[in-house]
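In what follows, a single structure is set out as structure tokens and then discussed.
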Amino acid sequence: MIIKNNPTNLLITLSLLLILPLVQKQWFNLYSLNINDISFYSILYYLSGAVCPSLACLYSLKNYTFYSFNKKQTQSKKIIKGKRLFFLVAINLIFLSYFIADYIYINLDLIFNLFLEEINVPKPDIPQLCFSMFFISILLIFKKSRFLLKKLILVNFILISLYLWHLQINNISVDDQFHIYRYFGLNDLNLINLFILVSIEISFYTWSFLSYKTNLSDWIVPKPQKGDFIPFLNIFIFYFFIVIYYSILT
């Protein structure tokens, strides 16, 4: 695995994530003094809800999108091919395309439930879901469309985070009419949103490894080495600090 993480950028980003909720609480105290009127601090507090998701997405776009691997590993005897490779490709592609399709639906569901209540968006039935997954799978196969899809996922994360921030500020309760409410059996919607993104990040990295350059056209993928598992650890560490952020903020 060839990875170029900048430790300085990581430390700065994580430091901001730990300091930000403390600052937001101070802004909230000032906002609470005049909660019925629009003020500088009320606007600042509203806008602050976009800082953490934006930092997370910028960091993910830079470090968890454009992966590079050592192609020479395919020359070794430790390779995956045949039925085992087909199984890995199929499972990963189905898992990733399903989560992306459902994640986009969660976004649309929140929009219509919060701002366009007169319009009902029915949950996709099995044929519609299968078509969406097939279309997303096609996009994942090609390099440019895969990167474009990753950017769309990150924008989706920011938007959902902002909707949840709006719900929290205005004390709007969420029941089972919201699709996101049914995930993981959790009451904290921010964690649900985060766990879905982490699941996509992990699956996206696995897919990047399987489909790197000519791996699929040659139908030969090198067995992952120890270094290839480092991004999993990086992803867990980074998003763990975002969990801490939401815990402090709550």
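Labeling convention for the structure tokens: chains A, B, ... as they appear, residues from 1 per chain, ligands from 1 in order of appearance.
The neighbours of Leu20 in chain A here are the residues that come within 10 Å of it, using only C-alpha atoms and leaving out any residue fewer than 6 positions away in the same chain; they are Leu14, Ser48, Gly49, Val51, Cys52, Tyr245, Ile248 and Leu249 of chain A.
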Output of the above residues as a short mmCIF file (atom, residue, chain, number, x, y, z; two decimals), in the first residue's frame, restricted to N, CA and C atoms:
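Done, and the output landed in again.cif:
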```cif
data_model
loop_
_atom_site.label_atom_id
_atom_site.label_comp_id
_atom_site.auth_asym_id
_atom_site.auth_seq_id
_atom_site.Cartn_x
_atom_site.Cartn_y
_atom_site.Cartn_z
N LEU A 14 -7.57 16.75 13.99
CA LEU A 14 -8.07 16.13 15.22
C LEU A 14 -8.14 17.13 16.37
N SER A 48 -21.93 26.70 12.72
CA SER A 48 -20.90 25.85 13.31
C SER A 48 -21.19 24.36 13.11
N GLY A 49 -22.45 24.04 12.86
CA GLY A 49 -22.81 22.64 12.64
C GLY A 49 -22.22 22.06 11.37
N VAL A 51 -19.04 22.75 10.38
CA VAL A 51 -17.58 22.72 10.47
C VAL A 51 -17.03 21.30 10.55
N CYS A 52 -17.52 20.51 11.50
CA CYS A 52 -17.02 19.15 11.68
C CYS A 52 -17.27 18.27 10.45
N TYR A 245 -16.04 13.86 19.25
CA TYR A 245 -16.57 15.21 19.01
C TYR A 245 -18.06 15.27 19.32
N ILE A 248 -18.77 14.88 23.09
CA ILE A 248 -18.51 16.11 23.85
C ILE A 248 -19.63 17.13 23.59
N LEU A 249 -20.02 17.23 22.33
CA LEU A 249 -21.05 18.20 21.96
C LEU A 249 -22.37 17.90 22.61
#
```
Neighbour list for range 92-105 of chain A as a ChimeraX atom specification, cut-off 9 Å, only C-alpha atoms, skip fewer than 3 positions in-chain: /A:87-89,108-110,123-124,129-130,132-137,140,149,153,156-157,179-180,193,196-197,199-200,203-204,206-207
d(CA of Ile141 in chain A, CA of Asp218 in chain A) in Å: 14.1 Å
Atom pair CA of Pro53 in chain A / CA of Asn234 in chain A: separation (Å): 17.5 Å
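With only C-alpha atoms taken into account, the protein and nucleic acid residues at most 12 Å from Leu233 in chain A (excluding it and anything under 6 positions from it in its own chain) are Tyr64, Val198, Glu201, Ile202, Tyr205, Lys226, Gly227, Tyr239 and Phe240 of chain A.
For range 83-86 of chain A, the set of protein, DNA and RNA residues having any atom at most 8 Å away, when counting only C-alpha atoms and skipping those fewer than 2 positions along the same chain, is Ile80, Lys81, Leu88, Val89, Ala90, Trp219, Ile220 and Val221 of chain A.
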Helix (DSSP H, G or I) residues, from DSSP on the backbone, in range 6-118 of chain A, as a PyMOL selection string: chain A and resi 7-32+40-48+51-63+71-75+82-115
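Using only C-alpha atoms for every distance, the candidate list A:Leu159, A:Ile106, A:Pro222, A:Leu11 yields A:Pro222 as the residue closest to Leu210 in chain A.
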Atomic distance CA of Leu30 in chain A - CA of Gln168 in chain A, expressed in Å with one decimal: 17.0 Å
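For the choices A:Leu10, A:Leu167, A:Ile242, A:Ile111, the atom-to-atom distance to Lys62 in chain A is smallest for A:Leu10 when using only C-alpha atoms.
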